[in-house]
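**Student:** I am sharing final.cif, which consists of mmCIF, C-alpha atoms and all ligand atoms:
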```cif
data_data
#
loop_
_atom_site.label_atom_id
_atom_site.label_comp_id
_atom_site.auth_asym_id
_atom_site.auth_seq_id
_atom_site.Cartn_x
_atom_site.Cartn_y
_atom_site.Cartn_z
CA MET Q 1 12.92 31.13 41.50
CA PRO Q 2 11.12 29.24 38.75
CA ARG Q 3 8.73 31.28 36.62
CA LYS Q 4 5.16 30.59 37.74
CA PHE Q 5 1.99 30.10 35.68
CA ASP Q 6 -1.57 29.14 36.53
CA LEU Q 7 -1.51 26.40 33.92
CA ILE Q 8 1.23 24.69 31.97
CA ILE Q 9 0.23 22.59 28.97
CA ALA Q 10 2.94 20.17 27.83
CA GLY Q 11 2.62 19.47 24.09
CA ALA Q 12 1.24 21.66 21.32
CA GLY Q 13 -0.52 18.94 19.33
CA VAL Q 14 -4.26 18.60 18.78
CA GLY Q 15 -5.29 18.41 22.45
CA GLY Q 16 -2.80 20.95 23.82
CA VAL Q 17 -3.40 23.73 21.30
CA HIS Q 18 -7.17 23.26 21.33
CA LEU Q 19 -7.21 23.39 25.14
CA ALA Q 20 -5.10 26.58 25.29
CA ASP Q 21 -7.31 28.37 22.78
CA PHE Q 22 -10.59 27.03 24.19
CA LEU Q 23 -9.72 28.13 27.73
CA LYS Q 24 -8.87 31.67 26.65
CA LYS Q 25 -12.02 31.93 24.54
CA ARG Q 26 -14.07 30.75 27.52
CA GLY Q 27 -12.60 33.46 29.75
CA PHE Q 28 -9.90 31.62 31.71
CA SER Q 29 -8.22 34.57 33.37
CA GLY Q 30 -5.06 32.83 34.61
CA SER Q 31 -1.72 32.67 32.85
CA ILE Q 32 -1.12 29.75 30.46
CA ALA Q 33 2.21 28.46 29.15
CA LEU Q 34 2.05 26.09 26.19
CA LEU Q 35 5.30 24.16 25.78
CA GLU Q 36 6.26 22.27 22.62
CA LYS Q 37 9.44 20.27 22.20
CA ARG Q 38 9.62 20.84 18.46
CA ALA Q 39 9.83 23.99 16.35
CA VAL Q 40 6.58 24.91 14.63
CA PRO Q 41 5.34 24.23 12.05
CA PHE Q 42 6.00 20.51 12.17
CA VAL Q 43 4.39 17.57 10.49
CA LYS Q 44 2.98 14.65 12.42
CA PRO Q 45 2.02 11.48 10.57
CA CYS Q 46 -1.76 11.69 10.62
CA ALA Q 47 -4.31 11.27 7.85
CA GLY Q 48 -6.21 14.27 9.21
CA VAL Q 49 -9.53 12.52 8.80
CA ILE Q 50 -12.24 13.65 11.18
CA THR Q 51 -15.68 12.22 11.72
CA LEU Q 52 -18.96 14.09 11.73
CA LYS Q 53 -19.15 13.88 15.53
CA THR Q 54 -15.84 15.82 15.73
CA LEU Q 55 -17.42 18.75 13.87
CA HIS Q 56 -20.00 18.97 16.65
CA LEU Q 57 -17.50 19.29 19.50
CA SER Q 58 -17.76 22.61 21.26
CA GLY Q 59 -15.09 25.20 20.66
CA THR Q 60 -14.26 23.95 17.17
CA ASN Q 61 -14.64 25.58 13.77
CA PHE Q 62 -13.15 23.27 11.18
CA GLU Q 63 -14.99 24.65 8.16
CA PRO Q 64 -12.11 26.86 6.79
CA PHE Q 65 -9.67 23.95 7.05
CA ILE Q 66 -11.69 21.16 5.47
CA GLN Q 67 -10.09 20.09 2.20
CA GLN Q 68 -12.50 17.37 1.31
CA LYS Q 69 -15.91 16.14 2.36
CA MET Q 70 -16.48 12.44 1.82
CA ASP Q 71 -19.93 11.01 1.36
CA ARG Q 72 -18.91 7.72 -0.26
CA LEU Q 73 -17.73 4.62 1.51
CA HIS Q 74 -15.80 1.82 -0.14
CA CYS Q 75 -15.11 -1.50 1.60
CA ALA Q 76 -13.25 -4.60 0.46
CA TYR Q 77 -12.12 -7.87 2.01
CA GLU Q 78 -8.82 -9.25 0.69
CA TYR Q 79 -9.35 -7.12 -2.45
CA GLN Q 80 -12.62 -8.90 -3.10
CA ASN Q 81 -16.25 -8.55 -2.12
CA GLU Q 82 -15.97 -4.85 -2.86
CA GLU Q 83 -18.91 -2.68 -1.97
CA ASP Q 84 -19.62 0.99 -2.42
CA LEU Q 85 -22.12 3.04 -0.56
CA THR Q 86 -23.15 6.66 -0.96
CA LEU Q 87 -24.47 8.23 2.21
CA ALA Q 88 -27.12 10.92 2.39
CA SER Q 89 -24.55 13.54 3.44
CA PRO Q 90 -20.78 13.73 4.07
CA PHE Q 91 -19.75 11.65 7.06
CA ILE Q 92 -15.98 11.96 6.99
CA PHE Q 93 -13.89 15.06 6.44
CA ARG Q 94 -10.28 15.58 5.46
CA LEU Q 95 -8.75 18.35 7.50
CA ASN Q 96 -5.66 20.41 6.72
CA ARG Q 97 -4.34 19.61 10.18
CA ALA Q 98 -1.23 21.82 10.01
CA GLN Q 99 -3.19 24.91 8.95
CA TRP Q 100 -5.90 24.29 11.52
CA LEU Q 101 -3.36 23.91 14.35
CA GLY Q 102 -1.40 26.97 13.14
CA SER Q 103 -4.55 29.07 13.18
CA LEU Q 104 -5.56 27.84 16.66
CA LEU Q 105 -2.08 28.54 17.98
CA SER Q 106 -2.13 32.13 16.66
CA SER Q 107 -5.60 32.63 18.11
CA SER Q 108 -4.52 31.30 21.53
CA MET Q 109 -1.48 33.60 21.55
CA ARG Q 110 -3.67 36.59 20.69
CA GLY Q 111 -5.79 35.54 23.67
CA GLY Q 112 -2.76 35.74 25.96
CA VAL Q 113 -1.31 32.21 25.92
CA GLU Q 114 2.49 32.22 26.11
CA PHE Q 115 3.85 29.74 23.61
CA PHE Q 116 7.35 28.31 23.94
CA GLU Q 117 8.70 26.08 21.16
CA ASN Q 118 11.81 23.90 21.34
CA ILE Q 119 11.23 23.24 25.04
CA GLN Q 120 10.94 19.68 26.23
CA VAL Q 121 9.18 18.93 29.49
CA VAL Q 122 11.28 16.21 31.09
CA ASN Q 123 9.35 15.45 34.25
CA TYR Q 124 7.01 16.88 36.86
CA GLU Q 125 6.94 17.01 40.62
CA GLU Q 126 3.66 17.54 42.42
CA HIS Q 127 3.47 19.54 45.65
CA ALA Q 128 0.54 20.47 47.86
CA ASP Q 129 -0.25 23.74 46.08
CA SER Q 130 1.74 23.62 42.84
CA VAL Q 131 3.51 21.46 40.27
CA LEU Q 132 7.19 21.89 39.47
CA VAL Q 133 7.85 21.27 35.78
CA PRO Q 134 11.51 20.67 34.90
CA THR Q 135 12.27 21.25 31.20
CA ASP Q 136 15.46 20.97 29.19
CA GLN Q 137 15.75 24.75 29.60
CA GLY Q 138 15.08 25.17 33.30
CA VAL Q 139 12.33 24.62 35.83
CA LEU Q 140 8.85 26.19 35.64
CA GLU Q 141 6.09 26.14 38.23
CA SER Q 142 2.36 26.00 37.85
CA ARG Q 143 -0.90 25.54 39.75
CA PHE Q 144 -1.94 22.87 37.23
CA LEU Q 145 -0.22 20.80 34.57
CA VAL Q 146 -1.97 19.28 31.55
CA VAL Q 147 0.02 16.50 29.92
CA ALA Q 148 -0.81 16.52 26.19
CA THR Q 149 2.38 14.93 24.93
CA GLY Q 150 0.81 12.28 22.68
CA SER Q 151 2.00 8.72 22.37
CA LEU Q 152 5.60 9.11 23.47
CA ASP Q 153 6.62 9.78 27.03
CA MET Q 154 8.39 12.97 28.02
CA ASN Q 155 11.77 11.61 27.03
CA GLY Q 156 10.53 10.57 23.61
CA GLN Q 157 10.30 6.89 24.55
CA LYS Q 158 7.35 4.58 24.11
CA ARG Q 159 6.09 3.64 27.50
CA GLY Q 160 3.87 0.88 28.70
CA ARG Q 161 2.23 -1.76 26.57
CA GLY Q 162 -0.63 -1.64 24.16
CA PHE Q 163 0.60 0.34 21.21
CA ALA Q 164 -0.97 0.22 17.81
CA ARG Q 165 0.81 1.63 14.79
CA GLY Q 166 -0.26 3.77 11.91
CA LEU Q 167 1.69 4.00 8.69
CA GLN Q 168 0.82 6.25 5.80
CA ALA Q 169 2.29 7.24 2.46
CA TYR Q 170 1.41 9.32 -0.57
CA LEU Q 171 1.14 7.87 -4.02
CA SER Q 172 2.09 10.67 -6.35
CA HIS Q 173 0.54 11.48 -9.71
CA PRO Q 174 -1.76 8.53 -10.12
CA ASP Q 175 -3.85 8.18 -13.22
CA PRO Q 176 -6.61 10.87 -13.28
CA SER Q 177 -9.24 8.15 -13.57
CA LEU Q 178 -7.91 6.56 -10.37
CA LEU Q 179 -8.09 9.90 -8.58
CA GLU Q 180 -11.61 10.36 -9.84
CA TYR Q 181 -12.51 6.85 -8.66
CA HIS Q 182 -11.37 7.72 -5.12
CA ARG Q 183 -12.78 11.25 -5.10
CA SER Q 184 -14.96 11.98 -2.03
CA LYS Q 185 -14.64 8.33 -1.11
CA MET Q 186 -13.14 6.78 2.01
CA GLY Q 187 -11.83 3.30 1.24
CA TYR Q 188 -11.39 0.57 3.86
CA ASP Q 189 -9.64 -2.74 3.15
CA PHE Q 190 -10.11 -5.47 5.71
CA GLY Q 191 -8.58 -8.94 6.01
CA LEU Q 192 -5.08 -7.94 4.84
CA ILE Q 193 -3.65 -6.50 8.01
CA PRO Q 194 -3.83 -8.52 11.25
CA PHE Q 195 -5.90 -6.64 13.81
CA GLY Q 196 -6.27 -3.62 11.59
CA TYR Q 197 -7.17 -2.35 8.15
CA GLY Q 198 -5.87 -0.41 5.16
CA TRP Q 199 -7.32 2.93 4.09
CA ILE Q 200 -7.18 4.94 0.92
CA PHE Q 201 -8.51 8.27 -0.32
CA SER Q 202 -7.57 10.96 -2.79
CA ASP Q 203 -5.88 14.07 -1.51
CA ASP Q 204 -5.02 17.10 -3.59
CA GLY Q 205 -3.82 15.22 -6.67
CA HIS Q 206 -2.35 12.28 -4.73
CA LEU Q 207 -3.66 9.18 -3.09
CA LEU Q 208 -3.13 8.89 0.64
CA ILE Q 209 -2.74 5.26 1.59
CA GLY Q 210 -2.30 3.94 5.09
CA ILE Q 211 -2.44 1.05 7.45
CA PHE Q 212 -3.56 0.76 11.05
CA SER Q 213 -2.71 -2.32 13.09
CA ARG Q 214 -2.93 -3.25 16.73
CA LEU Q 215 -0.44 -6.05 16.20
CA MET Q 216 2.27 -5.32 13.69
CA ARG Q 217 5.74 -3.92 14.27
CA GLU Q 218 7.21 -1.09 12.22
CA GLN Q 219 9.13 -3.21 9.68
CA SER Q 220 6.34 -5.66 8.99
CA LEU Q 221 3.94 -2.74 8.68
CA LYS Q 222 6.12 -1.22 5.94
CA ARG Q 223 6.22 -4.53 4.10
CA ALA Q 224 2.45 -4.80 4.47
CA LEU Q 225 2.00 -1.34 2.95
CA TYR Q 226 3.97 -2.24 -0.18
CA LYS Q 227 2.13 -5.55 -0.42
CA TYR Q 228 -1.17 -3.70 -0.10
CA ILE Q 229 -0.25 -1.38 -2.97
CA ASN Q 230 1.18 -4.14 -5.16
CA GLN Q 231 -1.81 -6.40 -4.75
CA LYS Q 232 -4.71 -3.98 -4.75
CA PRO Q 233 -6.04 -4.35 -8.29
CA THR Q 234 -6.65 -0.63 -8.87
CA LEU Q 235 -3.13 0.28 -7.68
CA LYS Q 236 -1.16 -2.34 -9.64
CA GLY Q 237 1.88 -0.87 -11.37
CA TYR Q 238 2.24 2.04 -8.93
CA SER Q 239 5.21 2.21 -6.59
CA ARG Q 240 6.07 5.92 -6.49
CA LEU Q 241 5.53 6.47 -2.80
CA TRP Q 242 6.71 9.35 -0.67
CA GLY Q 243 6.33 10.42 2.92
CA VAL Q 244 6.29 6.84 4.22
CA GLU Q 245 5.92 7.48 7.94
CA THR Q 246 5.17 5.11 10.79
CA HIS Q 247 4.03 6.35 14.16
CA PRO Q 248 2.83 4.59 17.30
CA MET Q 249 -0.62 5.20 18.73
CA PHE Q 250 -1.22 4.67 22.40
CA LEU Q 251 -4.38 2.59 22.71
CA PRO Q 252 -6.44 2.32 25.89
CA SER Q 253 -5.09 -0.28 28.31
CA GLN Q 254 -7.36 -2.55 30.35
CA GLU Q 255 -6.80 -0.26 33.36
CA VAL Q 256 -7.94 2.77 31.36
CA LEU Q 257 -10.99 0.87 30.09
CA GLN Q 258 -11.80 0.09 33.70
CA GLY Q 259 -11.57 3.77 34.56
CA VAL Q 260 -8.09 3.86 36.09
CA LEU Q 261 -6.58 6.98 34.56
CA ARG Q 262 -3.23 8.68 35.01
CA GLY Q 263 -3.02 12.00 36.80
CA SER Q 264 -3.85 13.52 40.14
CA HIS Q 265 -5.71 16.57 41.36
CA ARG Q 266 -3.20 19.01 39.80
CA ILE Q 267 -2.10 16.90 36.85
CA LEU Q 268 -4.48 16.08 33.99
CA TYR Q 269 -3.67 13.78 31.07
CA ILE Q 270 -5.52 14.41 27.82
CA GLY Q 271 -5.61 12.88 24.32
CA GLU Q 272 -3.18 10.16 23.46
CA ALA Q 273 -1.12 10.76 26.60
CA ALA Q 274 -4.23 9.52 28.44
CA ARG Q 275 -4.49 6.64 25.92
CA LEU Q 276 -7.75 7.97 24.51
CA VAL Q 277 -7.64 6.50 21.01
CA ASP Q 278 -10.29 4.41 19.28
CA PRO Q 279 -8.91 0.83 19.20
CA PHE Q 280 -11.11 -0.14 16.24
CA THR Q 281 -10.34 2.71 13.82
CA GLY Q 282 -7.32 4.51 15.36
CA GLU Q 283 -9.30 7.77 15.51
CA GLY Q 284 -7.57 10.09 17.98
CA ILE Q 285 -8.39 13.69 17.01
CA TYR Q 286 -11.94 13.46 18.36
CA TYR Q 287 -10.77 12.11 21.73
CA ALA Q 288 -7.92 14.63 22.05
CA ILE Q 289 -10.41 17.51 21.60
CA LYS Q 290 -13.17 15.91 23.67
CA SER Q 291 -10.82 15.29 26.61
CA ALA Q 292 -9.39 18.82 26.25
CA ASN Q 293 -12.96 20.15 26.51
CA LEU Q 294 -13.59 18.13 29.67
CA ALA Q 295 -10.31 19.42 31.13
CA ALA Q 296 -11.34 22.98 30.24
CA GLU Q 297 -14.70 22.58 31.99
CA VAL Q 298 -13.06 21.62 35.28
CA LEU Q 299 -10.25 24.17 35.02
CA LEU Q 300 -12.86 26.87 34.52
CA SER Q 301 -14.86 25.61 37.50
CA GLU Q 302 -12.25 26.99 39.93
CA LYS Q 303 -12.69 24.02 42.26
CA GLU Q 304 -8.98 24.10 42.97
CA ASP Q 305 -8.77 21.04 45.23
CA THR Q 306 -10.76 18.67 43.09
CA VAL Q 307 -9.94 19.67 39.51
CA GLY Q 308 -8.07 16.47 38.58
CA TRP Q 309 -10.60 14.17 40.21
CA LEU Q 310 -13.55 15.92 38.58
CA TYR Q 311 -11.80 15.61 35.23
CA LYS Q 312 -11.20 11.87 35.63
CA ASP Q 313 -14.81 11.41 36.61
CA LYS Q 314 -15.97 13.17 33.44
CA VAL Q 315 -13.64 11.09 31.24
CA VAL Q 316 -14.88 7.89 32.86
CA ARG Q 317 -18.49 8.89 32.24
CA GLU Q 318 -18.25 10.58 28.84
CA ILE Q 319 -15.40 8.86 26.97
CA ILE Q 320 -14.48 5.48 28.44
CA PRO Q 321 -17.80 3.66 27.73
CA ASP Q 322 -17.38 4.30 23.98
CA LEU Q 323 -13.75 3.22 23.99
CA ALA Q 324 -14.58 0.08 25.98
CA ALA Q 325 -17.25 -0.84 23.42
CA ALA Q 326 -14.83 -0.04 20.56
CA TRP Q 327 -12.31 -2.35 22.23
CA GLU Q 328 -14.88 -5.13 22.46
CA LEU Q 329 -15.74 -4.64 18.80
CA SER Q 330 -12.10 -4.67 17.72
CA GLU Q 331 -11.45 -7.87 19.69
CA GLU Q 332 -14.38 -9.59 17.95
CA PHE Q 333 -14.12 -8.07 14.49
CA TYR Q 334 -10.39 -8.46 13.96
CA ALA Q 335 -10.35 -11.99 15.43
CA TYR Q 336 -12.96 -13.15 12.86
CA PRO Q 337 -12.64 -10.51 10.14
CA GLN Q 338 -14.15 -12.57 7.32
CA TYR Q 339 -17.27 -13.40 9.31
CA TYR Q 340 -17.77 -9.85 10.50
CA TYR Q 341 -16.99 -8.39 7.10
CA ARG Q 342 -19.88 -10.40 5.66
CA LYS Q 343 -22.06 -9.12 8.46
CA LEU Q 344 -20.89 -5.61 7.71
CA LEU Q 345 -21.94 -5.91 4.09
CA GLU Q 346 -25.39 -7.04 5.16
CA ARG Q 347 -25.68 -3.80 7.12
CA LYS Q 348 -23.20 -1.44 5.51
CA GLN Q 349 -25.43 1.56 6.10
CA ILE Q 350 -24.79 1.19 9.83
CA PHE Q 351 -21.02 1.19 9.23
CA GLY Q 352 -21.44 4.65 7.68
CA GLU Q 353 -23.56 5.68 10.66
CA LEU Q 354 -20.91 4.39 13.06
CA LEU Q 355 -18.14 6.28 11.29
CA ALA Q 356 -20.22 9.42 11.26
CA GLY Q 357 -20.75 9.06 14.99
CA GLU Q 358 -24.50 8.66 14.63
CA MET Q 359 -24.38 5.15 16.03
CA ARG Q 360 -22.62 4.07 19.20
CA TYR Q 361 -20.28 1.08 19.23
CA LYS Q 362 -22.45 -0.95 21.57
CA GLU Q 363 -25.40 -0.73 19.25
CA PHE Q 364 -23.21 -1.37 16.20
CA LEU Q 365 -21.81 -4.59 17.68
CA ALA Q 366 -25.30 -5.72 18.69
CA GLN Q 367 -26.49 -5.11 15.11
CA LEU Q 368 -23.50 -7.00 13.66
CA LYS Q 369 -24.17 -9.97 15.89
CA LYS Q 370 -27.72 -10.36 14.59
CA GLY Q 371 -28.40 -13.15 12.10
CA LYS Q 372 -26.35 -16.26 11.51
CA PRO Q 373 -24.11 -16.94 14.55
CA LEU Q 374 -20.36 -17.35 14.20
CA GLU Q 375 -20.46 -21.08 15.10
CA ARG Q 376 -22.87 -21.87 12.27
CA TYR Q 377 -20.88 -19.75 9.82
CA ALA Q 378 -17.66 -21.61 10.81
CA ARG Q 379 -19.29 -25.03 10.22
CA GLU Q 380 -20.49 -24.19 6.71
C1 LIG Y 1 -0.35 7.36 10.61
C2 LIG Y 1 -1.40 7.92 11.52
C3 LIG Y 1 -2.58 8.40 10.98
C4 LIG Y 1 -3.56 8.91 11.82
N1 LIG Y 1 -4.69 9.37 11.25
C5 LIG Y 1 -5.67 9.85 12.04
C6 LIG Y 1 -6.87 10.36 11.44
O1 LIG Y 1 -7.01 10.39 10.21
N2 LIG Y 1 -7.85 10.81 12.26
C7 LIG Y 1 -7.72 10.80 13.62
O2 LIG Y 1 -8.66 11.21 14.32
N3 LIG Y 1 -6.59 10.36 14.21
C8 LIG Y 1 -5.55 9.90 13.46
N4 LIG Y 1 -4.39 9.48 14.04
C9 LIG Y 1 -4.25 9.62 15.50
C10 LIG Y 1 -4.03 11.09 15.86
O3 LIG Y 1 -2.99 11.63 15.06
C11 LIG Y 1 -3.63 11.26 17.34
O4 LIG Y 1 -4.44 10.45 18.14
C12 LIG Y 1 -3.80 12.72 17.80
O5 LIG Y 1 -2.89 13.55 17.12
C13 LIG Y 1 -3.52 12.79 19.30
O6 LIG Y 1 -3.50 14.14 19.71
P1 LIG Y 1 -2.68 14.56 21.02
O7 LIG Y 1 -2.90 16.00 21.21
O8 LIG Y 1 -2.99 13.65 22.13
O9 LIG Y 1 -1.16 14.27 20.63
P2 LIG Y 1 -0.29 14.86 19.44
O10 LIG Y 1 -1.14 15.51 18.41
O11 LIG Y 1 0.63 13.77 19.04
O12 LIG Y 1 0.54 16.03 20.13
C14 LIG Y 1 1.52 15.79 21.11
C15 LIG Y 1 2.49 16.97 21.06
O13 LIG Y 1 3.31 16.96 22.23
C16 LIG Y 1 4.64 17.25 21.85
N5 LIG Y 1 5.49 16.68 22.89
C17 LIG Y 1 5.73 15.36 23.12
N6 LIG Y 1 6.52 15.22 24.20
C18 LIG Y 1 6.76 16.47 24.67
C19 LIG Y 1 7.52 16.95 25.78
N7 LIG Y 1 8.15 16.14 26.60
N8 LIG Y 1 7.58 18.30 25.98
C20 LIG Y 1 6.93 19.15 25.13
N9 LIG Y 1 6.21 18.73 24.06
C21 LIG Y 1 6.12 17.41 23.84
C22 LIG Y 1 4.78 16.56 20.49
O14 LIG Y 1 5.89 17.12 19.76
C23 LIG Y 1 3.43 16.88 19.86
O15 LIG Y 1 3.43 18.11 19.19
C24 LIG Y 1 -3.38 8.96 13.23
C25 LIG Y 1 -2.20 8.50 13.78
C26 LIG Y 1 -1.21 7.98 12.94
C27 LIG Y 1 0.05 7.48 13.54
#
```
How would this structure read if it were set down as structure tokens?
**Tutor:**
Amino acid sequence: MPRKFDLIIAGAGVGGVHLADFLKKRGFSGSIALLEKRAVPFVKPCAGVITLKTLHLSGTNFEPFIQQKMDRLHCAYEYQNEEDLTLASPFIFRLNRAQWLGSLLSSSMRGGVEFFENIQVVNYEEHADSVLVPTDQGVLESRFLVVATGSLDMNGQKRGRGFARGLQAYLSHPDPSLLEYHRSKMGYDFGLIPFGYGWIFSDDGHLLIGIFSRLMREQSLKRALYKYINQKPTLKGYSRLWGVETHPMFLPSQEVLQGVLRGSHRILYIGEAARLVDPFTGEGIYYAIKSANLAAEVLLSEKEDTVGWLYKDKVVREIIPDLAAAWELSEEFYAYPQYYYRKLLERKQIFGELLAGEMRYKEFLAQLKKGKPLERYARE
């Protein structure tokens, strides 16, 4: 007889651990098994940058884990047209992701969550009143399954189409003046990476440098990173990189943007497994937590027969419109980056507001489109 739980969560990343802890703190009385294929602690390539709107998500307390608050924005296009902007208050925060997740995991276990590491969920089989969950160490059974396995499928393969990639690396021991220059400042470089951007900020005595692209493959992304470092005027002469890690990100597909989500009434997909990643910036932490919160609301509602459907409905109403607008923006912006970069400089304050989550994508795009139209710009 397989061991039975009320809820199995597959994947102890951002969404999975937050959900387990959040449910217990909100009084979920059933048994929860949290299954992770790796041994903890582990490192996932992620810049750990969270936006202001993430701090406001319910069930979160990031304050003890914030390493840096950034209130300065730096933008450049092909290393030129550089602009700096200081915002009224911090809008982007650098999180010690590993410590935050470790603390949440301990808290969830104190709350009664059973955590199993080194267990890989390999499949699931849905029945009328339960879900069978085969793992590489035997079969488990549950009333509900939450799939929080991130961008790879259960067998560690990339599935489907529509991946973006993120690549990041540390530049060790840069000149103190360079560190000072990047202190409390989030740097964005546009126009160098097709359908993406480069980012840079200082982190505990190093510079963290990365690339996000909707288009590039792993090898060309690595070449692009070295080119970025070699050509960026402030970084010239530096090549001591470590921790060069590439990782796929599972962007929303057209089906997802039209509200067709994976899952059923007993199986809920959250975070990147549900393809809830911002296609313009690559931000995924916010959406992993937000979707976990929506899943928690329905799991706590005890409406056994409709849990999965209620969850999808909430995602369609509360998450998809933003991602659809972000997709529209990324299609426009990255297709004509020079034009939109100019527009961005005309209204760079609103870029800060967008990143902080104070402005929605729809409004941002409408603002960017104001003024000289693309056709006139192209003729000149
Ligand atoms: C280079 C890079 C930089 C990034 N920087 C940022 C950033 O600064 N800010 C931001 O908001 N987002 C960033 N992201 C995106 C962000 O990391 C992800 O969107 C976010 O972690 C998704 O959370 P998740 O819970 O869905 O998945 P994950 O955090 O990836 O967690 C999935 C977990 O499931 C486990 N797992 C997978 N398969 C199985 C299985 N079969 N059985 C059991 N366990 C399994 C995995 O080991 C993992 O622990 C970045 C991504 C990349 C690649």
**Student:** For ligand LIG 1 (chain Y), which of Q:Asn61, Q:Ser177, Q:Thr54, Q:Ser107 is the closest residue, counting all atoms listed in the file?
**Tutor:**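 Going through Q:Asn61, Q:Ser177, Q:Thr54, Q:Ser107 one by one, the smallest distance to ligand LIG 1 (chain Y) is for Q:Thr54.
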**Student:** Give as an MDAnalysis selection string each residue that has an atom at most 10 Å from (-10.7, 8.3, 14.7) in the file, counting only C-alpha atoms.
**Tutor:** chainID Q and resid 47:51 54 277:287 355
**Student:** With distances taken over all atoms listed in the file, which residue among Q:Ile200, Q:Phe42, Q:Ser253, Q:Ala20 lies nearest Tyr181 (chain Q)?
**Tutor:** Q:Ile200
**Student:** If the limit is 6 Å from any atom of ligand LIG 1 (chain Y), counting all atoms listed in the file, which residues qualify? Return them as a ChimeraX atom specification.
**Tutor:** /Q:10-16,35-38,45-50,119-122,148-150,154-155,166-168,246-249,271-273,277,282-286,288
**Student:** Can you work out the spacing between CA of Phe190 (chain Q) and CA of Val43 (chain Q) in Å, to one decimal?
**Tutor:**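 So the answer is 27.6 Å.
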**Student:** Determine, counting only C-alpha atoms, which protein, DNA and RNA residues have an atom within 8 Å of an atom of Ala76 (chain Q); residues of the same chain fewer than 4 positions away are not included. Present the result as JSON, numbers by chain.
**Tutor:** {"Q": [80, 81, 82, 83, 188, 189, 190]}
**Student:** For Pro233 (chain Q), which residue among Q:Tyr79, Q:Leu192, Q:Gly259, Q:Pro321 is the nearest when counting all atoms listed in the file?
**Tutor:**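 Checking each of Q:Tyr79, Q:Leu192, Q:Gly259, Q:Pro321 against Pro233 (chain Q), counting all atoms listed in the file, the winner is Q:Tyr79.
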**Student:** What are the nearest atom pairs, with distances in Å to one decimal, for all residues of region 78-145 of chain Q that come at most 12 Å from region 204-214 of chain Q, using only C-alpha atoms, set out by chain and rising residue number as a Markdown table?
**Tutor:**
```
| residue | atom | partner | partner_atom | distance |
| --- | --- | --- | --- | --- |
| Q:Arg94 | CA | Q:Asp204 | CA | 10.6 |
| Q:Leu95 | CA | Q:Asp204 | CA | 11.8 |
| Q:Asn96 | CA | Q:Asp204 | CA | 10.8 |
```
**Student:** Pick out the closest residue to Ser58 (chain Q) from this set: Q:Gly357, Q:Val307, Q:Leu104, Q:Phe22. Count all atoms listed in the file.
**Tutor:** Q:Phe22
**Student:** As an exercise, work out the distance from CA of Ala324 (chain Q) to CA of Arg97 (chain Q) in Å and give it to one decimal place.
**Tutor:**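 It comes out at 27.1 Å.
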**Student:** Rounded to one decimal, what separation in Å do you get between CA of Glu78 (chain Q) and CA of Lys44 (chain Q)?
**Tutor:** 29.1 Å
**Student:** Taking into account all atoms listed in the file, which residue in the set Q:Ser202, Q:Thr306, Q:Gln231, Q:Ser172 is nearest to Gly243 (chain Q)?
**Tutor:**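 Closest residue, counting all atoms listed in the file: Q:Ser172.
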**Student:** For Lys4 (chain Q), which residue among Q:Leu178, Q:Leu344, Q:Ala33, Q:Leu225 is the nearest when counting only C-alpha atoms?
**Tutor:** Q:Ala33
**Student:** Can you list, as JSON, numbers by chain, every protein, DNA or RNA residue that comes within 10 Å of region 142-147 of chain Q when you count only C-alpha atoms, leaving out same-chain residues fewer than 5 positions away?
**Tutor:** {"Q": [2, 3, 4, 5, 6, 7, 8, 9, 10, 11, 15, 16, 19, 30, 31, 32, 33, 34, 121, 124, 126, 127, 128, 129, 130, 131, 132, 133, 153, 154, 262, 263, 264, 265, 266, 267, 268, 269, 270, 271, 272, 273, 274, 292, 295, 299, 304, 307, 308]}
**Student:** Set the distance at 8 Å and use only C-alpha atoms: which residues neighbour region 360-366 of chain Q once local chain neighbours fewer than 5 positions away are removed? I'd like the list as a ChimeraX atom specification.
**Tutor:** /Q:322,325-326,329,350-351,354
**Student:** Might you pull out every residue within 9 Å of Phe333 (chain Q), with only C-alpha atoms counted and same-chain residues fewer than 6 positions away left off, and present them as a ChimeraX atom specification?
**Tutor:** /Q:195,280,339-341
